[in-house]
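Engineer: File upload16.tsv follows (TSV, C-alpha atoms and all ligand atoms):
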chain	number	residue	atom	x	y	z
A	269	MET	CA	108.83	51.21	156.73
A	270	PHE	CA	107.65	49.08	153.86
A	271	ALA	CA	108.80	46.49	151.35
A	272	GLU	CA	107.02	45.79	148.09
A	273	ASN	CA	107.78	42.66	146.13
A	274	LEU	CA	111.23	42.78	147.72
A	275	THR	CA	113.40	40.04	146.23
A	276	LYS	CA	116.98	39.06	146.85
A	277	TYR	CA	118.69	36.13	145.16
A	278	TYR	CA	122.27	35.24	146.02
A	279	GLY	CA	123.16	33.93	142.56
A	280	LYS	CA	120.60	31.19	142.18
A	281	ALA	CA	119.97	30.83	145.91
A	282	ARG	CA	116.75	32.35	147.24
A	283	GLY	CA	117.16	34.89	150.01
A	284	ILE	CA	113.70	36.49	149.85
A	285	ASP	CA	111.20	36.32	147.02
A	286	GLY	CA	108.44	38.88	146.45
A	287	LEU	CA	108.21	39.97	150.05
A	288	ASP	CA	105.58	42.57	151.06
A	289	LEU	CA	105.70	44.15	154.48
A	290	ALA	CA	104.49	47.37	156.12
A	291	VAL	CA	105.42	48.56	159.58
A	292	ALA	CA	103.86	51.78	160.93
A	293	PRO	CA	105.78	54.35	162.95
A	294	GLY	CA	105.68	53.60	166.68
A	295	GLU	CA	104.92	49.91	166.32
A	296	PHE	CA	106.61	47.15	168.32
A	297	PHE	CA	106.72	44.67	165.46
A	298	GLY	CA	107.81	41.04	165.52
A	299	PHE	CA	109.34	39.12	162.62
A	300	ILE	CA	109.14	35.35	163.06
A	301	GLY	CA	110.45	32.57	160.86
A	302	PRO	CA	112.49	29.38	160.90
A	303	ASN	CA	116.20	29.18	160.07
A	304	GLY	CA	116.94	30.23	156.52
A	305	ALA	CA	113.48	31.77	155.97
A	306	GLY	CA	114.99	35.12	155.01
A	307	LYS	CA	114.77	37.28	158.14
A	308	SER	CA	118.34	38.58	158.01
A	309	THR	CA	118.16	39.00	154.23
A	310	THR	CA	115.02	41.14	154.63
A	311	ILE	CA	116.66	43.29	157.26
A	312	ARG	CA	119.95	43.69	155.39
A	313	THR	CA	118.11	44.57	152.17
A	314	LEU	CA	115.92	47.14	153.93
A	315	LEU	CA	119.01	48.73	155.44
A	316	GLY	CA	120.72	48.95	152.06
A	317	LEU	CA	123.54	46.64	153.20
A	318	ILE	CA	122.76	44.35	150.27
A	319	SER	CA	121.04	45.33	147.03
A	320	PRO	CA	117.70	43.81	146.13
A	321	THR	CA	117.39	41.75	142.97
A	322	ALA	CA	113.92	43.23	142.46
A	323	GLY	CA	111.24	45.18	144.28
A	324	LYS	CA	111.41	48.32	146.37
A	325	GLY	CA	111.26	49.56	149.91
A	326	GLN	CA	111.33	52.57	152.17
A	327	VAL	CA	112.72	53.02	155.64
A	328	LEU	CA	111.85	56.20	157.59
A	329	GLY	CA	110.34	57.53	154.39
A	330	MET	CA	113.62	57.05	152.49
A	331	ASP	CA	114.23	54.83	149.49
A	332	ILE	CA	116.37	51.80	150.41
A	333	ILE	CA	118.45	52.02	147.24
A	334	LYS	CA	118.90	55.79	146.93
A	335	ASN	CA	119.29	56.67	150.62
A	336	LYS	CA	121.33	53.84	152.13
A	337	LYS	CA	123.70	56.10	154.03
A	338	ALA	CA	121.02	58.31	155.53
A	339	ILE	CA	119.00	55.26	156.58
A	340	LEU	CA	121.93	53.68	158.40
A	341	GLU	CA	122.62	56.98	160.18
A	342	ARG	CA	119.12	57.15	161.59
A	343	VAL	CA	118.48	53.51	162.44
A	344	GLY	CA	119.73	51.55	165.43
A	345	TYR	CA	120.70	48.15	164.03
A	346	LEU	CA	121.77	45.07	165.90
A	347	PRO	CA	122.98	42.41	163.44
A	348	SER	CA	122.48	38.75	164.24
A	349	ASP	CA	126.22	38.18	164.26
A	350	THR	CA	128.08	41.11	165.76
A	351	ALA	CA	131.72	41.53	164.71
A	352	PHE	CA	134.05	44.02	166.37
A	353	TYR	CA	137.63	45.21	165.97
A	354	ASN	CA	140.06	43.26	168.09
A	355	GLY	CA	142.21	45.01	170.67
A	356	MET	CA	139.60	47.61	171.64
A	357	LYS	CA	138.10	48.12	175.04
A	358	VAL	CA	134.31	48.20	175.29
A	359	ARG	CA	134.29	51.95	176.08
A	360	ASP	CA	136.45	52.72	173.00
A	361	MET	CA	134.24	50.57	170.79
A	362	LEU	CA	131.13	52.37	172.04
A	363	LYS	CA	132.78	55.76	171.53
A	364	LEU	CA	133.84	54.83	168.00
A	365	SER	CA	130.27	53.80	167.21
A	366	ALA	CA	128.96	57.12	168.59
A	367	ASP	CA	131.65	59.12	166.75
A	368	LEU	CA	130.63	57.50	163.46
A	369	ARG	CA	127.23	59.07	164.05
A	370	ARG	CA	128.86	62.36	165.07
A	371	LYS	CA	127.01	62.26	168.37
A	372	ASP	CA	128.02	62.47	172.01
A	373	CYS	CA	126.31	59.45	173.49
A	374	SER	CA	128.42	59.16	176.64
A	375	ALA	CA	125.56	59.56	179.14
A	376	ALA	CA	123.25	57.09	177.38
A	377	SER	CA	126.12	54.68	176.85
A	378	ALA	CA	127.07	54.73	180.55
A	379	GLU	CA	123.46	54.18	181.61
A	380	LEU	CA	122.93	51.29	179.19
A	381	CYS	CA	126.18	49.60	180.31
A	382	GLU	CA	125.12	49.97	183.91
A	383	ARG	CA	121.69	48.48	183.27
A	384	LEU	CA	123.05	45.63	181.17
A	385	GLN	CA	125.96	45.08	183.59
A	386	LEU	CA	128.55	45.51	180.89
A	387	ASP	CA	132.10	46.23	182.06
A	388	ARG	CA	133.45	48.99	179.82
A	389	ASP	CA	137.08	48.40	180.75
A	390	ARG	CA	137.35	44.93	179.28
A	391	LYS	CA	138.59	44.16	175.82
A	392	VAL	CA	135.79	43.22	173.46
A	393	GLU	CA	137.51	40.03	172.30
A	394	ASP	CA	137.80	38.80	175.89
A	395	LEU	CA	134.04	39.00	176.43
A	396	SER	CA	131.63	36.06	176.42
A	397	PHE	CA	129.16	35.75	173.54
A	398	GLY	CA	126.36	37.26	175.63
A	399	ASN	CA	128.48	40.19	176.75
A	400	ARG	CA	129.57	40.88	173.18
A	401	LYS	CA	125.88	40.93	172.28
A	402	LYS	CA	125.41	43.62	174.93
A	403	VAL	CA	128.11	45.74	173.21
A	404	GLY	CA	126.05	45.43	170.01
A	405	ILE	CA	122.90	46.40	171.88
A	406	VAL	CA	124.50	49.53	173.35
A	407	CYS	CA	125.86	50.47	169.89
A	408	ALA	CA	122.34	50.12	168.48
A	409	LEU	CA	120.59	52.07	171.24
A	410	GLN	CA	122.96	54.71	172.61
A	411	HIS	CA	122.13	57.34	169.98
A	412	ASP	CA	118.43	57.04	170.76
A	413	PRO	CA	117.31	56.15	167.21
A	414	GLU	CA	113.74	56.58	166.00
A	415	LEU	CA	113.80	53.09	164.47
A	416	LEU	CA	115.38	50.03	166.06
A	417	ILE	CA	116.02	46.97	163.92
A	418	LEU	CA	117.13	44.04	166.01
A	419	ASP	CA	118.06	40.75	164.39
A	420	GLU	CA	117.71	37.92	166.93
A	421	PRO	CA	118.83	40.16	169.78
A	422	THR	CA	118.42	37.93	172.82
A	423	GLY	CA	120.66	34.97	171.91
A	424	GLY	CA	123.26	34.63	174.63
A	425	LEU	CA	121.51	36.91	177.14
A	426	ASP	CA	120.53	35.30	180.42
A	427	PRO	CA	116.88	35.65	181.53
A	428	LEU	CA	117.56	38.62	183.83
A	429	MET	CA	119.37	40.45	181.06
A	430	GLN	CA	116.64	39.60	178.55
A	431	HIS	CA	114.13	41.14	180.92
A	432	GLU	CA	116.22	44.30	181.32
A	433	PHE	CA	116.79	44.47	177.58
A	434	PHE	CA	113.06	44.32	176.83
A	435	SER	CA	112.36	46.94	179.51
A	436	ILE	CA	114.81	49.23	177.71
A	437	LEU	CA	113.14	48.51	174.36
A	438	GLN	CA	109.71	49.23	175.84
A	439	GLU	CA	110.95	52.56	177.19
A	440	HIS	CA	112.26	53.52	173.73
A	441	ASN	CA	108.98	52.39	172.18
A	442	ARG	CA	106.93	54.42	174.68
A	443	LYS	CA	108.99	57.48	173.76
A	444	GLY	CA	107.95	56.93	170.13
A	445	ALA	CA	110.64	54.69	168.64
A	446	THR	CA	109.57	51.97	166.23
A	447	VAL	CA	110.91	48.55	167.16
A	448	PHE	CA	111.36	45.80	164.56
A	449	LEU	CA	112.41	42.58	166.23
A	450	SER	CA	113.32	39.38	164.47
A	451	SER	CA	113.18	36.33	166.70
A	452	HIS	CA	112.75	32.59	166.91
A	453	ILE	CA	111.42	32.94	170.42
A	454	LEU	CA	107.70	33.15	170.05
A	455	SER	CA	106.99	33.80	173.69
A	456	GLU	CA	108.96	37.07	173.49
A	457	ILE	CA	107.09	38.11	170.34
A	458	GLN	CA	103.80	37.27	172.03
A	459	ARG	CA	104.73	39.19	175.15
A	460	TYR	CA	106.19	42.36	173.71
A	461	CYS	CA	105.02	42.88	170.12
A	462	SER	CA	101.68	44.29	169.06
A	463	ARG	CA	101.88	42.97	165.48
A	464	ALA	CA	103.98	40.33	163.83
A	465	ALA	CA	104.74	38.84	160.43
A	466	VAL	CA	105.59	35.21	159.79
A	467	ILE	CA	108.14	34.56	157.04
A	468	ARG	CA	108.65	31.19	155.41
A	469	GLU	CA	110.84	30.37	152.40
A	470	GLY	CA	111.38	34.03	151.58
A	471	LYS	CA	107.72	35.10	151.67
A	472	ILE	CA	105.40	36.57	154.28
A	473	ILE	CA	102.76	33.96	154.97
A	474	ALA	CA	100.90	35.78	157.74
A	475	CYS	CA	100.89	39.30	159.14
A	476	ASP	CA	98.50	40.48	161.81
A	477	SER	CA	98.13	41.59	165.40
A	478	VAL	CA	99.74	39.07	167.73
A	479	GLU	CA	96.33	38.62	169.29
A	480	LYS	CA	94.76	37.67	165.95
A	481	LEU	CA	97.68	35.48	164.93
A	482	ALA	CA	97.23	33.57	168.15
A	483	LYS	CA	93.49	33.30	167.60
A	484	THR	CA	92.32	30.31	165.71
A	485	GLY	CA	89.31	28.12	165.43
A	486	ALA	CA	91.36	25.10	166.43
A	487	ARG	CA	91.48	23.91	170.03
A	488	ARG	CA	94.00	21.70	171.74
A	489	VAL	CA	92.11	18.87	173.40
A	490	THR	CA	93.97	17.01	176.13
A	491	LEU	CA	92.52	13.94	177.81
A	492	ARG	CA	93.17	10.82	179.80
A	493	GLY	CA	91.13	7.87	178.72
A	494	SER	CA	90.60	5.26	176.06
A	495	LEU	CA	90.24	7.44	172.94
A	496	LYS	CA	92.22	6.22	169.91
A	497	PRO	CA	93.29	8.54	167.03
A	498	ASP	CA	91.19	6.71	164.41
A	499	ALA	CA	88.02	7.64	166.35
A	500	LEU	CA	88.50	11.28	165.32
A	501	PRO	CA	89.85	11.50	161.77
A	502	GLU	CA	89.63	15.33	161.80
A	503	ALA	CA	91.97	15.63	164.78
A	504	ARG	CA	95.62	16.20	164.02
A	505	ASP	CA	98.97	16.68	165.68
A	506	TRP	CA	98.44	13.88	168.22
A	507	LYS	CA	100.84	13.96	171.13
A	508	GLU	CA	101.24	11.67	174.11
A	509	ALA	CA	102.82	12.70	177.40
A	510	ASP	CA	102.50	11.47	180.99
A	511	GLY	CA	99.68	9.09	180.15
A	512	ALA	CA	97.59	11.86	178.53
A	513	VAL	CA	96.93	12.30	174.84
A	514	SER	CA	96.32	15.61	173.12
A	515	PHE	CA	95.42	16.73	169.61
A	516	LEU	CA	94.42	19.83	167.64
A	517	TYR	CA	90.76	19.85	166.62
A	518	ASN	CA	89.12	22.22	164.17
A	519	GLY	CA	86.05	20.17	163.30
A	520	ASP	CA	82.45	19.99	164.46
A	521	MET	CA	82.24	20.34	168.26
A	522	ASN	CA	79.11	18.13	168.48
A	523	GLN	CA	81.00	15.37	166.74
A	524	LEU	CA	83.84	15.78	169.23
A	525	VAL	CA	81.45	15.60	172.19
A	526	ARG	CA	79.66	12.53	170.75
A	527	THR	CA	82.95	10.76	170.16
A	528	LEU	CA	84.22	11.58	173.63
A	529	ALA	CA	80.91	10.44	175.18
A	530	ALA	CA	81.36	7.03	173.59
A	531	ALA	CA	84.88	6.66	174.99
A	532	ASP	CA	85.96	6.21	178.58
A	533	ILE	CA	87.36	9.66	179.51
A	534	ARG	CA	88.77	10.32	182.99
A	535	GLU	CA	90.06	13.87	182.46
A	536	LEU	CA	89.49	16.47	179.75
A	537	THR	CA	90.70	19.99	178.92
A	538	VAL	CA	89.92	21.99	175.80
A	539	ALA	CA	92.15	25.06	175.33
A	540	GLU	CA	93.37	27.50	172.69
A	541	PRO	CA	96.71	26.41	171.27
A	542	ASP	CA	99.54	28.82	172.09
A	543	LEU	CA	101.19	31.07	169.51
A	544	GLU	CA	104.09	28.68	169.24
A	545	GLU	CA	101.85	25.87	168.02
A	546	ILE	CA	100.08	28.14	165.59
A	547	VAL	CA	103.28	29.48	164.08
A	548	LEU	CA	104.77	26.01	163.83
A	549	HIS	CA	101.66	25.10	161.91
A	550	PHE	CA	102.27	28.07	159.59
A	551	TYR	CA	105.83	26.86	159.03
A	552	GLU	CA	104.65	23.40	158.09
A	553	LYS	CA	101.59	24.19	156.03
A	554	GLY	CA	102.62	27.43	154.38
A	555	GLY	CA	99.93	29.71	155.62
A	556	ASP	CA	96.62	27.97	156.24
A	557	GLN	CA	95.70	29.08	159.67
A	558	ALA	CA	95.11	26.30	162.19
B	601	LIG	N1	125.65	35.37	151.40
B	601	LIG	C1	124.82	34.41	151.03
B	601	LIG	N2	125.07	33.64	149.94
B	601	LIG	C2	124.23	32.66	149.54
B	601	LIG	N3	123.05	32.36	150.16
B	601	LIG	C3	122.76	33.10	151.25
B	601	LIG	C4	123.61	34.15	151.74
B	601	LIG	N4	123.02	34.69	152.83
B	601	LIG	C5	121.86	34.02	153.03
B	601	LIG	N5	121.70	33.07	152.08
B	601	LIG	C6	120.56	32.15	151.93
B	601	LIG	O1	119.37	32.91	151.94
B	601	LIG	C7	118.35	32.24	152.68
B	601	LIG	C8	117.83	33.17	153.77
B	601	LIG	O2	118.88	33.37	154.73
B	601	LIG	P1	118.72	34.37	155.95
B	601	LIG	O3	120.05	34.41	156.66
B	601	LIG	O4	118.14	35.64	155.50
B	601	LIG	O5	117.65	33.59	156.86
B	601	LIG	P2	117.21	33.84	158.37
B	601	LIG	O6	115.72	33.74	158.37
B	601	LIG	O7	117.83	35.08	158.90
B	601	LIG	O8	117.81	32.56	159.07
B	601	LIG	P3	118.39	32.33	160.55
B	601	LIG	O9	117.24	32.34	161.48
B	601	LIG	O10	119.03	30.99	160.43
B	601	LIG	O11	119.38	33.44	160.82
B	601	LIG	C9	118.99	30.97	153.22
B	601	LIG	O12	118.62	29.90	152.41
B	601	LIG	C10	120.47	31.24	153.14
B	601	LIG	O13	121.19	30.04	152.92
The structure given in the file should be rewritten as structure tokens.
Ligand SMILES: Nc1ncnc2c1ncn2[C@@H]1O[C@H](COP(=O)(O)OP(=O)(O)OP(=O)(O)O)[C@@H](O)[C@H]1O
Structural biologist:
Amino acid sequence: MFAENLTKYYGKARGIDGLDLAVAPGEFFGFIGPNGAGKSTTIRTLLGLISPTAGKGQVLGMDIIKNKKAILERVGYLPSDTAFYNGMKVRDMLKLSADLRRKDCSAASAELCERLQLDRDRKVEDLSFGNRKKVGIVCALQHDPELLILDEPTGGLDPLMQHEFFSILQEHNRKGATVFLSSHILSEIQRYCSRAAVIREGKIIACDSVEKLAKTGARRVTLRGSLKPDALPEARDWKEADGAVSFLYNGDMNQLVRTLAAADIRELTVAEPDLEEIVLHFYEKGGDQA
């Protein structure tokens, strides 16, 4: 799947602007970005649900403008906001979704409902938000698609269900399915994805293995003692909690050690910042790695 200079304007409003992205078959790929960055617009444009203003893309080797219908038939898509027909029971909704793909998915559907603890005899409109999400998940997965595109899938799922959901995704991925997961929750990207792209204001500002994205020259220094921020002008993102101060430091280590030696330090840890901190930094600075 790839996008090249993919651009979507809603009138004058920017959805995405010159977005480049490539996801290889079989990847478990994460798509991270703040609210309004363009994650859903990217996904909807790639699926042919909205037409790009400019640029091009391919999904499963098919052109996103010429082959919209075929793409939707072969992809499992979970939209960020799932809408269903009122008055239908879960089992009827799932059957309708399978019928639209002209596939008998009854065995897979039953197994997924069992694993996600979804009661098929209830009406969809009577379900809680999380349980409606599960209906969307089963619709996206029951036909065993080769590409899964999941837009913020875990909202509303409790931790046990999130765990089960990711186990199911991992099983699909191990069997060869490509998983494209958009999320705000960095810990789940870090845990499950092998590569990820960071989107900000409609553009990809970083794309790499999760390991490399999380790797940075900067360290988070946490200490208890008398050090004041003006002693280390190169340190940034000062935080104070429980009597300890911490900051991100990307400067000369000898300088850090000399400065600390001159202060009265009772406790000191120097650690790699977590992915969350690094991505937040991307959001703020627009791409200079910490
Ligand atoms: N139908 C629309 N009409 C006008 N502007 C839109 C429309 N849909 C999205 N936008 C704008 O496009 C930009 C990208 O929105 P998009 O929903 O793709 O972001 P997102 O990254 O999925 O955000 P979130 O995490 O909040 O779901 C936003 O500024 C949004 O206001």
Engineer: Please provide the set of residues having any atom within 9 Å of Gln438 (chain A), restricted to only C-alpha atoms, with same-chain residues fewer than 3 positions apart removed, written as a ChimeraX atom specification.
Structural biologist: /A:296,433-435,441-443,447,460
Engineer: For ligand LIG 601 (chain B), list the contacting residues at 6 Å or closer, counting all atoms listed in the file, as number ranges by chain.
Structural biologist: A: 278, 281-283, 301-309
Engineer: Could you write those residues out with C-alpha atoms, as an mmCIF file, in the frame of the given file?
Structural biologist:
data_model
loop_
_atom_site.group_PDB
_atom_site.id
_atom_site.type_symbol
_atom_site.label_atom_id
_atom_site.label_comp_id
_atom_site.auth_asym_id
_atom_site.auth_seq_id
_atom_site.Cartn_x
_atom_site.Cartn_y
_atom_site.Cartn_z
ATOM 1 C CA TYR A 278 122.270 35.240 146.020
ATOM 2 C CA ALA A 281 119.970 30.830 145.910
ATOM 3 C CA ARG A 282 116.750 32.350 147.240
ATOM 4 C CA GLY A 283 117.160 34.890 150.010
ATOM 5 C CA GLY A 301 110.450 32.570 160.860
ATOM 6 C CA PRO A 302 112.490 29.380 160.900
ATOM 7 C CA ASN A 303 116.200 29.180 160.070
ATOM 8 C CA GLY A 304 116.940 30.230 156.520
ATOM 9 C CA ALA A 305 113.480 31.770 155.970
ATOM 10 C CA GLY A 306 114.990 35.120 155.010
ATOM 11 C CA LYS A 307 114.770 37.280 158.140
ATOM 12 C CA SER A 308 118.340 38.580 158.010
ATOM 13 C CA THR A 309 118.160 39.000 154.230
#
Engineer: So which residues touch Ser319 (chain A) within 8 Å, counting only C-alpha atoms, skipping near sequence neighbours fewer than 3 positions away, as number ranges by chain?
Structural biologist: A: 276, 313, 316, 333
Engineer: Pick the closest to Glu393 (chain A) from A:Leu340, A:Ala351, A:Ala539, A:Val478: which is it, counting only C-alpha atoms?
Structural biologist: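 For Glu393 (chain A), the nearest of the given residues is A:Ala351.
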Engineer: Which residue out of A:Asn273, A:Thr446, A:Ser348, A:Ser462 has the minimum interatomic distance to Glu479 (chain A) when all atoms listed in the file are used?
Structural biologist: A:Ser462
Engineer: Counting all atoms listed in the file, which residue out of A:Leu415, A:Met330, A:Val547, A:Leu315 sits closest to Ile473 (chain A)?
Structural biologist: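 For Ile473 (chain A), the nearest of the candidates is A:Val547.
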Engineer: Tell me, as a ChimeraX atom specification, which residues lie within 10 Å of Glu540 (chain A), counting all atoms listed in the file; anything in the same chain fewer than 6 positions away does not count.
Structural biologist: /A:482-489,516,546
Engineer: Since the input is missing atoms for region 416-439 of chain A, could you rebuild it with N, CA and C atoms and give the result as a short mmCIF file (atom, residue, chain, number, x, y, z; two decimals), in the coordinates of the input?
Structural biologist:
data_model
loop_
_atom_site.label_atom_id
_atom_site.label_comp_id
_atom_site.auth_asym_id
_atom_site.auth_seq_id
_atom_site.Cartn_x
_atom_site.Cartn_y
_atom_site.Cartn_z
N LEU A 416 114.44 51.06 165.59
CA LEU A 416 115.38 50.03 166.06
C LEU A 416 115.12 48.75 165.30
N ILE A 417 116.16 48.24 164.65
CA ILE A 417 116.02 46.97 163.92
C ILE A 417 116.95 45.97 164.57
N LEU A 418 116.36 44.96 165.17
CA LEU A 418 117.13 44.04 166.01
C LEU A 418 116.98 42.63 165.47
N ASP A 419 118.10 42.07 165.03
CA ASP A 419 118.06 40.75 164.39
C ASP A 419 118.46 39.69 165.42
N GLU A 420 117.49 38.95 165.90
CA GLU A 420 117.71 37.92 166.93
C GLU A 420 118.54 38.48 168.09
N PRO A 421 117.99 39.45 168.80
CA PRO A 421 118.83 40.16 169.78
C PRO A 421 119.12 39.40 171.07
N THR A 422 118.29 38.44 171.45
CA THR A 422 118.42 37.93 172.82
C THR A 422 119.30 36.70 172.96
N GLY A 423 119.78 36.15 171.83
CA GLY A 423 120.66 34.97 171.91
C GLY A 423 121.85 35.28 172.80
N GLY A 424 122.09 34.45 173.77
CA GLY A 424 123.26 34.63 174.63
C GLY A 424 122.97 35.44 175.89
N LEU A 425 121.82 36.14 175.92
CA LEU A 425 121.51 36.91 177.14
C LEU A 425 120.80 36.01 178.15
N ASP A 426 121.21 36.12 179.42
CA ASP A 426 120.53 35.30 180.42
C ASP A 426 119.15 35.91 180.70
N PRO A 427 118.26 35.17 181.37
CA PRO A 427 116.88 35.65 181.53
C PRO A 427 116.77 37.03 182.19
N LEU A 428 117.61 37.30 183.17
CA LEU A 428 117.56 38.62 183.83
C LEU A 428 117.91 39.73 182.84
N MET A 429 118.93 39.47 182.04
CA MET A 429 119.37 40.45 181.06
C MET A 429 118.33 40.61 179.94
N GLN A 430 117.70 39.50 179.57
CA GLN A 430 116.64 39.60 178.55
C GLN A 430 115.54 40.52 179.06
N HIS A 431 115.19 40.34 180.33
CA HIS A 431 114.13 41.14 180.92
C HIS A 431 114.52 42.62 180.90
N GLU A 432 115.75 42.91 181.30
CA GLU A 432 116.22 44.30 181.32
C GLU A 432 116.24 44.87 179.90
N PHE A 433 116.71 44.05 178.98
CA PHE A 433 116.79 44.47 177.58
C PHE A 433 115.39 44.85 177.05
N PHE A 434 114.41 44.01 177.32
CA PHE A 434 113.06 44.32 176.83
C PHE A 434 112.47 45.54 177.55
N SER A 435 112.83 45.73 178.83
CA SER A 435 112.36 46.94 179.51
C SER A 435 112.92 48.17 178.80
N ILE A 436 114.19 48.09 178.42
CA ILE A 436 114.81 49.23 177.71
C ILE A 436 114.10 49.46 176.38
N LEU A 437 113.83 48.36 175.65
CA LEU A 437 113.14 48.51 174.36
C LEU A 437 111.76 49.13 174.55
N GLN A 438 111.06 48.68 175.59
CA GLN A 438 109.71 49.23 175.84
C GLN A 438 109.78 50.72 176.14
N GLU A 439 110.80 51.13 176.89
CA GLU A 439 110.95 52.56 177.19
C GLU A 439 111.16 53.36 175.90
#
